[in-house]
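Quick notes on the structure that follows.
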Amino acid sequence: MCFIEWCNQNNGFISAILSIIGLLLSIIAIVISIHTARLPYKKELLLGSSLLLGVSQIPLRGTETSMVGMSSTATNVGNRTISLTYLGFAIKKDGKLNKMYPVDRPFDSTETLDPSEMHDVQFSKAEIIKGLSREDKSTNVYVYASDTEGTEYKKRIGTVGKVIASLKE
């Protein structure tokens, strides 16, 4: 009872409590409005990779599947257009990511992705094995993309040894 009487007699205490509640509500409203204002400018890229299988039907022997290569994919899950300058694979060596390029064919992985569009780049089994065979088996392999604004995106897919082993199966 004593505390309730003290609060009733001190108008400044109730004013202070109401001021603190108003200040907290104002801070929450400002944070939400800043977050909402940034949404149209959100830039995000989802990277992935997959193994490519070839299927062939041979008379009298049936159907055979074989590993053909690997594919790296990029999906724009943001709210603005992203212009890619490179999409493919990279290995981490001496703290830097080194891009992989096929040497036997022309390679152009540039693409402009609008929101929710996807682009993929395919590497043959021989290109991947040739590019990775000189590296240490414990070196990390990444799906890697870079855009015209200098932003780099990467996703680890395994080590050189595991990638080569999965292609040889």
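By order of appearance in the structure tokens: chains A, B, ..., then residues from 1 within every chain, and ligands from 1 in the order shown.
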Contacts of range 156-162 of chain A at 10 Å or less, counting only C-alpha atoms, minus same-chain residues fewer than 5 places along, as a tab-separated table (two decimals) with N, CA, C and O atoms, in the first residue's frame?
```tsv
chain	number	residue	atom	x	y	z
A	47	LEU	N	23.97	-18.86	-54.05
A	47	LEU	CA	24.84	-19.69	-54.88
A	47	LEU	C	24.60	-21.17	-54.60
A	47	LEU	O	24.26	-21.55	-53.48
A	48	GLY	N	24.81	-21.98	-55.62
A	48	GLY	CA	24.69	-23.42	-55.47
A	48	GLY	C	25.50	-24.14	-56.53
A	48	GLY	O	25.96	-23.54	-57.50
A	49	SER	N	25.68	-25.42	-56.33
A	49	SER	CA	26.38	-26.22	-57.34
A	49	SER	C	25.71	-27.59	-57.40
A	49	SER	O	25.07	-28.03	-56.45
A	50	SER	N	25.87	-28.23	-58.55
A	50	SER	CA	25.29	-29.56	-58.71
A	50	SER	C	26.16	-30.38	-59.65
A	50	SER	O	26.90	-29.84	-60.47
A	89	PHE	N	33.71	-21.51	-60.42
A	89	PHE	CA	34.34	-22.11	-59.25
A	89	PHE	C	35.65	-21.40	-58.97
A	89	PHE	O	36.28	-20.83	-59.85
A	90	ALA	N	36.05	-21.44	-57.69
A	90	ALA	CA	37.31	-20.84	-57.27
A	90	ALA	C	37.92	-21.71	-56.19
A	90	ALA	O	37.22	-22.44	-55.48
A	91	ILE	N	39.24	-21.62	-56.08
A	91	ILE	CA	39.94	-22.33	-55.00
A	91	ILE	C	40.64	-21.29	-54.15
A	91	ILE	O	41.08	-20.25	-54.63
A	92	LYS	N	40.70	-21.58	-52.85
A	92	LYS	CA	41.34	-20.66	-51.92
A	92	LYS	C	42.80	-21.07	-51.76
A	92	LYS	O	43.10	-22.16	-51.29
A	128	ILE	N	37.09	-29.68	-64.76
A	128	ILE	CA	37.20	-29.59	-63.30
A	128	ILE	C	38.40	-30.39	-62.81
A	128	ILE	O	39.21	-29.89	-62.02
A	129	ILE	N	38.55	-31.60	-63.28
A	129	ILE	CA	39.66	-32.44	-62.82
A	129	ILE	C	40.99	-31.83	-63.24
A	129	ILE	O	41.94	-31.78	-62.45
A	131	GLY	N	41.64	-28.65	-63.78
A	131	GLY	CA	41.87	-27.44	-63.01
A	131	GLY	C	42.23	-27.70	-61.56
A	131	GLY	O	42.95	-26.92	-60.94
A	132	LEU	N	41.75	-28.80	-61.00
A	132	LEU	CA	41.98	-29.08	-59.58
A	132	LEU	C	43.11	-30.07	-59.32
A	132	LEU	O	43.60	-30.17	-58.20
A	133	SER	N	43.54	-30.82	-60.33
A	133	SER	CA	44.50	-31.90	-60.11
A	133	SER	C	45.86	-31.40	-59.61
A	133	SER	O	46.59	-32.14	-58.95
A	134	ARG	N	46.22	-30.17	-59.90
A	134	ARG	CA	47.51	-29.63	-59.46
A	134	ARG	C	47.48	-29.11	-58.03
A	134	ARG	O	48.50	-28.74	-57.47
A	135	GLU	N	46.30	-29.07	-57.43
A	135	GLU	CA	46.15	-28.47	-56.10
A	135	GLU	C	46.25	-29.52	-55.00
A	135	GLU	O	46.02	-30.71	-55.24
A	136	ASP	N	46.55	-29.06	-53.80
A	136	ASP	CA	46.58	-29.91	-52.62
A	136	ASP	C	45.17	-30.43	-52.34
A	136	ASP	O	44.19	-29.71	-52.50
A	137	LYS	N	45.05	-31.68	-51.94
A	137	LYS	CA	43.75	-32.32	-51.75
A	137	LYS	C	42.92	-31.67	-50.64
A	137	LYS	O	41.71	-31.82	-50.59
A	138	SER	N	43.54	-30.92	-49.73
A	138	SER	CA	42.80	-30.30	-48.63
A	138	SER	C	42.43	-28.84	-48.92
A	138	SER	O	41.84	-28.18	-48.08
A	139	THR	N	42.74	-28.35	-50.12
A	139	THR	CA	42.39	-26.98	-50.49
A	139	THR	C	40.88	-26.87	-50.68
A	139	THR	O	40.25	-27.74	-51.27
A	140	ASN	N	40.30	-25.78	-50.18
A	140	ASN	CA	38.85	-25.58	-50.27
A	140	ASN	C	38.45	-25.12	-51.67
A	140	ASN	O	39.14	-24.33	-52.30
A	141	VAL	N	37.30	-25.64	-52.13
A	141	VAL	CA	36.72	-25.27	-53.42
A	141	VAL	C	35.42	-24.52	-53.14
A	141	VAL	O	34.64	-24.92	-52.27
A	142	TYR	N	35.19	-23.44	-53.88
A	142	TYR	CA	34.02	-22.59	-53.67
A	142	TYR	C	33.26	-22.39	-54.97
A	142	TYR	O	33.86	-22.37	-56.05
A	143	VAL	N	31.95	-22.22	-54.87
A	143	VAL	CA	31.18	-21.61	-55.95
A	143	VAL	C	31.39	-20.13	-55.72
A	143	VAL	O	31.22	-19.62	-54.61
A	144	TYR	N	31.77	-19.42	-56.78
A	144	TYR	CA	32.19	-18.02	-56.62
A	144	TYR	C	31.51	-17.16	-57.68
A	144	TYR	O	31.37	-17.57	-58.83
A	167	LEU	N	33.40	-36.63	-58.70
A	167	LEU	CA	33.32	-36.66	-60.16
A	167	LEU	C	33.75	-38.00	-60.74
A	167	LEU	O	33.32	-38.38	-61.82
A	168	LYS	N	34.60	-38.73	-60.03
A	168	LYS	CA	35.11	-40.00	-60.55
A	168	LYS	C	34.18	-41.17	-60.26
A	168	LYS	O	34.37	-42.24	-60.78
```
Expected answer as a PDB file with N, CA, C and O atoms, in the first residue's frame: helix (DSSP H, G or I) residues in chain A:
```
ATOM      1  N   CYS A   2       1.964   1.209   0.630  1.00  0.00           N
ATOM      2  CA  CYS A   2       2.804   2.391   0.773  1.00  0.00           C
ATOM      3  C   CYS A   2       3.354   2.840  -0.579  1.00  0.00           C
ATOM      4  O   CYS A   2       3.424   4.035  -0.862  1.00  0.00           O
ATOM      5  N   PHE A   3       3.747   1.871  -1.414  1.00  0.00           N
ATOM      6  CA  PHE A   3       4.310   2.195  -2.731  1.00  0.00           C
ATOM      7  C   PHE A   3       3.260   2.835  -3.637  1.00  0.00           C
ATOM      8  O   PHE A   3       3.547   3.789  -4.354  1.00  0.00           O
ATOM      9  N   ILE A   4       2.035   2.323  -3.615  1.00  0.00           N
ATOM     10  CA  ILE A   4       0.958   2.861  -4.435  1.00  0.00           C
ATOM     11  C   ILE A   4       0.636   4.293  -4.017  1.00  0.00           C
ATOM     12  O   ILE A   4       0.456   5.175  -4.859  1.00  0.00           O
ATOM     13  N   GLU A   5       0.597   4.548  -2.736  1.00  0.00           N
ATOM     14  CA  GLU A   5       0.339   5.911  -2.244  1.00  0.00           C
ATOM     15  C   GLU A   5       1.455   6.859  -2.669  1.00  0.00           C
ATOM     16  O   GLU A   5       1.214   7.992  -3.071  1.00  0.00           O
ATOM     17  N   TRP A   6       2.710   6.375  -2.589  1.00  0.00           N
ATOM     18  CA  TRP A   6       3.842   7.224  -2.969  1.00  0.00           C
ATOM     19  C   TRP A   6       3.765   7.590  -4.456  1.00  0.00           C
ATOM     20  O   TRP A   6       4.015   8.721  -4.851  1.00  0.00           O
ATOM     21  N   CYS A   7       3.402   6.594  -5.331  1.00  0.00           N
ATOM     22  CA  CYS A   7       3.256   6.851  -6.773  1.00  0.00           C
ATOM     23  C   CYS A   7       2.134   7.842  -7.043  1.00  0.00           C
ATOM     24  O   CYS A   7       2.252   8.699  -7.916  1.00  0.00           O
ATOM     25  N   ASN A   8       1.028   7.730  -6.304  1.00  0.00           N
ATOM     26  CA  ASN A   8      -0.093   8.651  -6.496  1.00  0.00           C
ATOM     27  C   ASN A   8       0.269  10.080  -6.100  1.00  0.00           C
ATOM     28  O   ASN A   8      -0.208  11.037  -6.701  1.00  0.00           O
ATOM     29  N   GLN A   9       1.108  10.238  -5.127  1.00  0.00           N
ATOM     30  CA  GLN A   9       1.464  11.571  -4.641  1.00  0.00           C
ATOM     31  C   GLN A   9       2.573  12.217  -5.456  1.00  0.00           C
ATOM     32  O   GLN A   9       2.709  13.434  -5.448  1.00  0.00           O
ATOM     33  N   ASN A  11       3.646  13.070  -8.926  1.00  0.00           N
ATOM     34  CA  ASN A  11       3.282  13.158 -10.348  1.00  0.00           C
ATOM     35  C   ASN A  11       4.496  13.024 -11.255  1.00  0.00           C
ATOM     36  O   ASN A  11       4.390  12.554 -12.374  1.00  0.00           O
ATOM     37  N   GLY A  12       5.649  13.413 -10.830  1.00  0.00           N
ATOM     38  CA  GLY A  12       6.868  13.326 -11.627  1.00  0.00           C
ATOM     39  C   GLY A  12       7.264  11.889 -11.921  1.00  0.00           C
ATOM     40  O   GLY A  12       7.798  11.580 -12.991  1.00  0.00           O
ATOM     41  N   PHE A  13       7.000  10.984 -10.988  1.00  0.00           N
ATOM     42  CA  PHE A  13       7.329   9.574 -11.185  1.00  0.00           C
ATOM     43  C   PHE A  13       6.506   8.982 -12.326  1.00  0.00           C
ATOM     44  O   PHE A  13       7.042   8.310 -13.211  1.00  0.00           O
ATOM     45  N   ILE A  14       5.211   9.258 -12.339  1.00  0.00           N
ATOM     46  CA  ILE A  14       4.342   8.736 -13.390  1.00  0.00           C
ATOM     47  C   ILE A  14       4.717   9.361 -14.733  1.00  0.00           C
ATOM     48  O   ILE A  14       4.758   8.678 -15.760  1.00  0.00           O
ATOM     49  N   SER A  15       5.052  10.635 -14.751  1.00  0.00           N
ATOM     50  CA  SER A  15       5.483  11.303 -15.984  1.00  0.00           C
ATOM     51  C   SER A  15       6.770  10.679 -16.520  1.00  0.00           C
ATOM     52  O   SER A  15       6.937  10.516 -17.731  1.00  0.00           O
ATOM     53  N   ALA A  16       7.679  10.342 -15.638  1.00  0.00           N
ATOM     54  CA  ALA A  16       8.937   9.724 -16.056  1.00  0.00           C
ATOM     55  C   ALA A  16       8.679   8.350 -16.667  1.00  0.00           C
ATOM     56  O   ALA A  16       9.266   8.005 -17.705  1.00  0.00           O
ATOM     57  N   ILE A  17       7.814   7.565 -16.071  1.00  0.00           N
ATOM     58  CA  ILE A  17       7.485   6.238 -16.605  1.00  0.00           C
ATOM     59  C   ILE A  17       6.848   6.373 -17.987  1.00  0.00           C
ATOM     60  O   ILE A  17       7.217   5.666 -18.936  1.00  0.00           O
ATOM     61  N   LEU A  18       5.913   7.285 -18.140  1.00  0.00           N
ATOM     62  CA  LEU A  18       5.257   7.486 -19.431  1.00  0.00           C
ATOM     63  C   LEU A  18       6.239   8.010 -20.481  1.00  0.00           C
ATOM     64  O   LEU A  18       6.167   7.636 -21.652  1.00  0.00           O
ATOM     65  N   SER A  19       7.175   8.849 -20.074  1.00  0.00           N
ATOM     66  CA  SER A  19       8.193   9.362 -21.007  1.00  0.00           C
ATOM     67  C   SER A  19       9.104   8.240 -21.499  1.00  0.00           C
ATOM     68  O   SER A  19       9.455   8.180 -22.680  1.00  0.00           O
ATOM     69  N   ILE A  20       9.490   7.361 -20.587  1.00  0.00           N
ATOM     70  CA  ILE A  20      10.356   6.237 -20.975  1.00  0.00           C
ATOM     71  C   ILE A  20       9.620   5.313 -21.944  1.00  0.00           C
ATOM     72  O   ILE A  20      10.191   4.861 -22.947  1.00  0.00           O
ATOM     73  N   ILE A  21       8.349   5.045 -21.689  1.00  0.00           N
ATOM     74  CA  ILE A  21       7.561   4.193 -22.597  1.00  0.00           C
ATOM     75  C   ILE A  21       7.440   4.853 -23.973  1.00  0.00           C
ATOM     76  O   ILE A  21       7.619   4.204 -25.009  1.00  0.00           O
ATOM     77  N   GLY A  22       7.177   6.147 -24.019  1.00  0.00           N
ATOM     78  CA  GLY A  22       7.097   6.879 -25.288  1.00  0.00           C
ATOM     79  C   GLY A  22       8.411   6.879 -26.038  1.00  0.00           C
ATOM     80  O   GLY A  22       8.446   6.733 -27.265  1.00  0.00           O
ATOM     81  N   LEU A  23       9.518   7.026 -25.313  1.00  0.00           N
ATOM     82  CA  LEU A  23      10.845   7.005 -25.941  1.00  0.00           C
ATOM     83  C   LEU A  23      11.150   5.628 -26.547  1.00  0.00           C
ATOM     84  O   LEU A  23      11.657   5.544 -27.673  1.00  0.00           O
ATOM     85  N   LEU A  24      10.824   4.564 -25.833  1.00  0.00           N
ATOM     86  CA  LEU A  24      11.043   3.218 -26.364  1.00  0.00           C
ATOM     87  C   LEU A  24      10.212   2.969 -27.618  1.00  0.00           C
ATOM     88  O   LEU A  24      10.710   2.395 -28.601  1.00  0.00           O
ATOM     89  N   LEU A  25       8.952   3.400 -27.604  1.00  0.00           N
ATOM     90  CA  LEU A  25       8.107   3.227 -28.785  1.00  0.00           C
ATOM     91  C   LEU A  25       8.639   4.026 -29.973  1.00  0.00           C
ATOM     92  O   LEU A  25       8.603   3.567 -31.115  1.00  0.00           O
ATOM     93  N   SER A  26       9.176   5.217 -29.730  1.00  0.00           N
ATOM     94  CA  SER A  26       9.751   6.035 -30.801  1.00  0.00           C
ATOM     95  C   SER A  26      10.986   5.370 -31.394  1.00  0.00           C
ATOM     96  O   SER A  26      11.169   5.352 -32.619  1.00  0.00           O
ATOM     97  N   ILE A  27      11.845   4.812 -30.560  1.00  0.00           N
ATOM     98  CA  ILE A  27      13.060   4.133 -31.049  1.00  0.00           C
ATOM     99  C   ILE A  27      12.676   2.918 -31.892  1.00  0.00           C
ATOM    100  O   ILE A  27      13.248   2.689 -32.963  1.00  0.00           O
ATOM    101  N   ILE A  28      11.708   2.145 -31.441  1.00  0.00           N
ATOM    102  CA  ILE A  28      11.257   0.980 -32.205  1.00  0.00           C
ATOM    103  C   ILE A  28      10.694   1.410 -33.564  1.00  0.00           C
ATOM    104  O   ILE A  28      10.990   0.805 -34.595  1.00  0.00           O
ATOM    105  N   ALA A  29       9.914   2.488 -33.596  1.00  0.00           N
ATOM    106  CA  ALA A  29       9.344   2.982 -34.853  1.00  0.00           C
ATOM    107  C   ALA A  29      10.431   3.455 -35.812  1.00  0.00           C
ATOM    108  O   ALA A  29      10.349   3.213 -37.026  1.00  0.00           O
ATOM    109  N   ILE A  30      11.464   4.102 -35.307  1.00  0.00           N
ATOM    110  CA  ILE A  30      12.568   4.573 -36.159  1.00  0.00           C
ATOM    111  C   ILE A  30      13.324   3.391 -36.754  1.00  0.00           C
ATOM    112  O   ILE A  30      13.644   3.370 -37.946  1.00  0.00           O
ATOM    113  N   VAL A  31      13.622   2.385 -35.947  1.00  0.00           N
ATOM    114  CA  VAL A  31      14.352   1.205 -36.431  1.00  0.00           C
ATOM    115  C   VAL A  31      13.548   0.497 -37.511  1.00  0.00           C
ATOM    116  O   VAL A  31      14.085   0.103 -38.560  1.00  0.00           O
ATOM    117  N   ILE A  32      12.264   0.335 -37.305  1.00  0.00           N
ATOM    118  CA  ILE A  32      11.413  -0.343 -38.294  1.00  0.00           C
ATOM    119  C   ILE A  32      11.336   0.464 -39.583  1.00  0.00           C
ATOM    120  O   ILE A  32      11.417  -0.093 -40.684  1.00  0.00           O
ATOM    121  N   SER A  33      11.226   1.779 -39.495  1.00  0.00           N
ATOM    122  CA  SER A  33      11.139   2.590 -40.715  1.00  0.00           C
ATOM    123  C   SER A  33      12.451   2.585 -41.495  1.00  0.00           C
ATOM    124  O   SER A  33      12.445   2.572 -42.725  1.00  0.00           O
ATOM    125  N   ILE A  34      13.586   2.578 -40.816  1.00  0.00           N
ATOM    126  CA  ILE A  34      14.883   2.492 -41.511  1.00  0.00           C
ATOM    127  C   ILE A  34      15.006   1.141 -42.217  1.00  0.00           C
ATOM    128  O   ILE A  34      15.428   1.064 -43.372  1.00  0.00           O
ATOM    129  N   HIS A  35      14.619   0.071 -41.538  1.00  0.00           N
ATOM    130  CA  HIS A  35      14.669  -1.268 -42.142  1.00  0.00           C
ATOM    131  C   HIS A  35      13.758  -1.348 -43.379  1.00  0.00           C
ATOM    132  O   HIS A  35      14.140  -1.889 -44.414  1.00  0.00           O
ATOM    133  N   THR A  36      12.572  -0.793 -43.281  1.00  0.00           N
ATOM    134  CA  THR A  36      11.620  -0.806 -44.393  1.00  0.00           C
ATOM    135  C   THR A  36      12.123   0.042 -45.559  1.00  0.00           C
ATOM    136  O   THR A  36      11.944  -0.327 -46.724  1.00  0.00           O
ATOM    137  N   ALA A  37      12.769   1.160 -45.262  1.00  0.00           N
ATOM    138  CA  ALA A  37      13.289   2.027 -46.325  1.00  0.00           C
ATOM    139  C   ALA A  37      14.423   1.365 -47.102  1.00  0.00           C
ATOM    140  O   ALA A  37      14.618   1.635 -48.288  1.00  0.00           O
ATOM    141  N   ARG A  38      15.181   0.466 -46.472  1.00  0.00           N
ATOM    142  CA  ARG A  38      16.302  -0.201 -47.143  1.00  0.00           C
ATOM    143  C   ARG A  38      15.884  -1.401 -47.984  1.00  0.00           C
ATOM    144  O   ARG A  38      16.657  -1.875 -48.807  1.00  0.00           O
ATOM    145  N   LEU A  39      14.683  -1.932 -47.776  1.00  0.00           N
ATOM    146  CA  LEU A  39      14.251  -3.146 -48.479  1.00  0.00           C
ATOM    147  C   LEU A  39      14.332  -3.050 -50.008  1.00  0.00           C
ATOM    148  O   LEU A  39      14.777  -4.001 -50.647  1.00  0.00           O
ATOM    149  N   PRO A  40      13.920  -1.947 -50.653  1.00  0.00           N
ATOM    150  CA  PRO A  40      14.000  -1.926 -52.116  1.00  0.00           C
ATOM    151  C   PRO A  40      15.434  -1.986 -52.654  1.00  0.00           C
ATOM    152  O   PRO A  40      15.644  -2.274 -53.819  1.00  0.00           O
ATOM    153  N   TYR A  41      16.424  -1.724 -51.828  1.00  0.00           N
ATOM    154  CA  TYR A  41      17.820  -1.695 -52.270  1.00  0.00           C
ATOM    155  C   TYR A  41      18.602  -2.918 -51.825  1.00  0.00           C
ATOM    156  O   TYR A  41      19.813  -2.970 -51.976  1.00  0.00           O
ATOM    157  N   LYS A 125      33.552 -32.531 -66.739  1.00  0.00           N
ATOM    158  CA  LYS A 125      34.311 -33.329 -65.780  1.00  0.00           C
ATOM    159  C   LYS A 125      35.813 -33.153 -66.003  1.00  0.00           C
ATOM    160  O   LYS A 125      36.568 -32.946 -65.054  1.00  0.00           O
ATOM    161  N   ALA A 126      36.229 -33.183 -67.258  1.00  0.00           N
ATOM    162  CA  ALA A 126      37.658 -33.046 -67.582  1.00  0.00           C
ATOM    163  C   ALA A 126      38.184 -31.665 -67.184  1.00  0.00           C
ATOM    164  O   ALA A 126      39.308 -31.549 -66.686  1.00  0.00           O
ATOM    165  N   GLU A 127      37.387 -30.614 -67.393  1.00  0.00           N
ATOM    166  CA  GLU A 127      37.826 -29.259 -67.034  1.00  0.00           C
ATOM    167  C   GLU A 127      38.013 -29.105 -65.527  1.00  0.00           C
ATOM    168  O   GLU A 127      38.992 -28.516 -65.073  1.00  0.00           O
ATOM    169  N   ILE A 128      37.093 -29.679 -64.764  1.00  0.00           N
ATOM    170  CA  ILE A 128      37.197 -29.594 -63.304  1.00  0.00           C
ATOM    171  C   ILE A 128      38.402 -30.385 -62.810  1.00  0.00           C
ATOM    172  O   ILE A 128      39.207 -29.891 -62.022  1.00  0.00           O
ATOM    173  N   ILE A 129      38.548 -31.603 -63.280  1.00  0.00           N
ATOM    174  CA  ILE A 129      39.661 -32.444 -62.823  1.00  0.00           C
ATOM    175  C   ILE A 129      40.993 -31.830 -63.244  1.00  0.00           C
ATOM    176  O   ILE A 129      41.940 -31.785 -62.454  1.00  0.00           O
ATOM    177  N   LYS A 130      41.086 -31.323 -64.466  1.00  0.00           N
ATOM    178  CA  LYS A 130      42.323 -30.706 -64.933  1.00  0.00           C
ATOM    179  C   LYS A 130      42.662 -29.456 -64.107  1.00  0.00           C
ATOM    180  O   LYS A 130      43.807 -29.231 -63.757  1.00  0.00           O
ATOM    181  N   GLY A 131      41.638 -28.649 -63.781  1.00  0.00           N
ATOM    182  CA  GLY A 131      41.873 -27.436 -63.007  1.00  0.00           C
ATOM    183  C   GLY A 131      42.231 -27.704 -61.557  1.00  0.00           C
ATOM    184  O   GLY A 131      42.955 -26.924 -60.940  1.00  0.00           O
ATOM    185  N   LEU A 132      41.751 -28.799 -61.000  1.00  0.00           N
ATOM    186  CA  LEU A 132      41.982 -29.083 -59.583  1.00  0.00           C
ATOM    187  C   LEU A 132      43.110 -30.070 -59.324  1.00  0.00           C
ATOM    188  O   LEU A 132      43.596 -30.167 -58.203  1.00  0.00           O
ATOM    189  N   VAL A 160      39.307 -30.108 -52.556  1.00  0.00           N
ATOM    190  CA  VAL A 160      39.708 -30.589 -53.873  1.00  0.00           C
ATOM    191  C   VAL A 160      39.575 -32.106 -53.941  1.00  0.00           C
ATOM    192  O   VAL A 160      39.044 -32.661 -54.905  1.00  0.00           O
ATOM    193  N   GLY A 161      40.038 -32.810 -52.909  1.00  0.00           N
ATOM    194  CA  GLY A 161      39.965 -34.269 -52.888  1.00  0.00           C
ATOM    195  C   GLY A 161      38.542 -34.784 -52.978  1.00  0.00           C
ATOM    196  O   GLY A 161      38.245 -35.721 -53.719  1.00  0.00           O
ATOM    197  N   LYS A 162      37.611 -34.153 -52.253  1.00  0.00           N
ATOM    198  CA  LYS A 162      36.221 -34.616 -52.253  1.00  0.00           C
ATOM    199  C   LYS A 162      35.523 -34.292 -53.576  1.00  0.00           C
ATOM    200  O   LYS A 162      34.724 -35.094 -54.065  1.00  0.00           O
ATOM    201  N   VAL A 163      35.834 -33.131 -54.160  1.00  0.00           N
ATOM    202  CA  VAL A 163      35.214 -32.773 -55.447  1.00  0.00           C
ATOM    203  C   VAL A 163      35.679 -33.738 -56.531  1.00  0.00           C
ATOM    204  O   VAL A 163      34.868 -34.250 -57.319  1.00  0.00           O
ATOM    205  N   ILE A 164      36.957 -34.001 -56.590  1.00  0.00           N
ATOM    206  CA  ILE A 164      37.483 -34.931 -57.611  1.00  0.00           C
ATOM    207  C   ILE A 164      36.916 -36.335 -57.395  1.00  0.00           C
ATOM    208  O   ILE A 164      36.539 -37.013 -58.337  1.00  0.00           O
ATOM    209  N   ALA A 165      36.834 -36.773 -56.140  1.00  0.00           N
ATOM    210  CA  ALA A 165      36.292 -38.102 -55.840  1.00  0.00           C
ATOM    211  C   ALA A 165      34.833 -38.189 -56.262  1.00  0.00           C
ATOM    212  O   ALA A 165      34.390 -39.222 -56.790  1.00  0.00           O
ATOM    213  N   SER A 166      34.050 -37.145 -56.065  1.00  0.00           N
ATOM    214  CA  SER A 166      32.636 -37.203 -56.449  1.00  0.00           C
ATOM    215  C   SER A 166      32.471 -37.222 -57.962  1.00  0.00           C
ATOM    216  O   SER A 166      31.503 -37.781 -58.469  1.00  0.00           O
ATOM    217  N   LEU A 167      33.396 -36.632 -58.695  1.00  0.00           N
ATOM    218  CA  LEU A 167      33.318 -36.657 -60.159  1.00  0.00           C
ATOM    219  C   LEU A 167      33.753 -37.997 -60.739  1.00  0.00           C
ATOM    220  O   LEU A 167      33.323 -38.378 -61.822  1.00  0.00           O
ATOM    221  N   LYS A 168      34.602 -38.726 -60.033  1.00  0.00           N
ATOM    222  CA  LYS A 168      35.107 -39.997 -60.549  1.00  0.00           C
ATOM    223  C   LYS A 168      34.177 -41.166 -60.260  1.00  0.00           C
ATOM    224  O   LYS A 168      34.369 -42.238 -60.778  1.00  0.00           O
TER     225      LYS A 168
END
```
Could you pull out all residues of chain A with a DSSP call of strand (DSSP E or B) and give them as a PyMOL selection string?
chain A and resi 45-58+62-76+82-93+96-99+111-113+118-124+140-147+152-159
Between A:Arg105, A:Lys155, A:Lys42, A:Arg61, which has the minimum distance to Ala74 in chain A (counting only C-alpha atoms)?
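Among the listed residues, A:Lys155 lies closest to Ala74 in chain A.
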Need to verify the contact set: Gln122 in chain A, 9 Å, only C-alpha atoms, exclusion of same-chain residues closer than 6 positions in sequence. Can you return it as an mmCIF file with N, CA, C and O atoms, in the first residue's frame?
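What landed in around05.cif:
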```
data_model
loop_
_atom_site.group_PDB
_atom_site.id
_atom_site.type_symbol
_atom_site.label_atom_id
_atom_site.label_comp_id
_atom_site.auth_asym_id
_atom_site.auth_seq_id
_atom_site.Cartn_x
_atom_site.Cartn_y
_atom_site.Cartn_z
ATOM 1 N N LEU A 52 26.460 -32.886 -62.787
ATOM 2 C CA LEU A 52 25.711 -33.117 -64.015
ATOM 3 C C LEU A 52 25.853 -34.588 -64.400
ATOM 4 O O LEU A 52 26.963 -35.107 -64.516
ATOM 5 N N GLY A 69 29.890 -33.612 -65.456
ATOM 6 C CA GLY A 69 30.554 -32.395 -65.010
ATOM 7 C C GLY A 69 29.875 -31.790 -63.807
ATOM 8 O O GLY A 69 29.153 -32.454 -63.073
ATOM 9 N N MET A 70 30.112 -30.486 -63.630
ATOM 10 C CA MET A 70 29.518 -29.757 -62.523
ATOM 11 C C MET A 70 28.946 -28.443 -63.028
ATOM 12 O O MET A 70 29.424 -27.882 -64.017
ATOM 13 N N SER A 71 27.962 -27.963 -62.319
ATOM 14 C CA SER A 71 27.313 -26.712 -62.673
ATOM 15 C C SER A 71 27.329 -25.786 -61.460
ATOM 16 O O SER A 71 27.122 -26.230 -60.335
ATOM 17 N N SER A 72 27.603 -24.505 -61.685
ATOM 18 C CA SER A 72 27.480 -23.507 -60.624
ATOM 19 C C SER A 72 26.304 -22.610 -60.969
ATOM 20 O O SER A 72 26.151 -22.192 -62.117
ATOM 21 N N THR A 73 25.450 -22.348 -59.984
ATOM 22 C CA THR A 73 24.255 -21.552 -60.229
ATOM 23 C C THR A 73 24.207 -20.358 -59.291
ATOM 24 O O THR A 73 24.691 -20.417 -58.157
ATOM 25 N N GLY A 88 31.308 -19.100 -61.428
ATOM 26 C CA GLY A 88 31.997 -20.365 -61.648
ATOM 27 C C GLY A 88 32.545 -20.903 -60.342
ATOM 28 O O GLY A 88 31.938 -20.744 -59.284
#
```
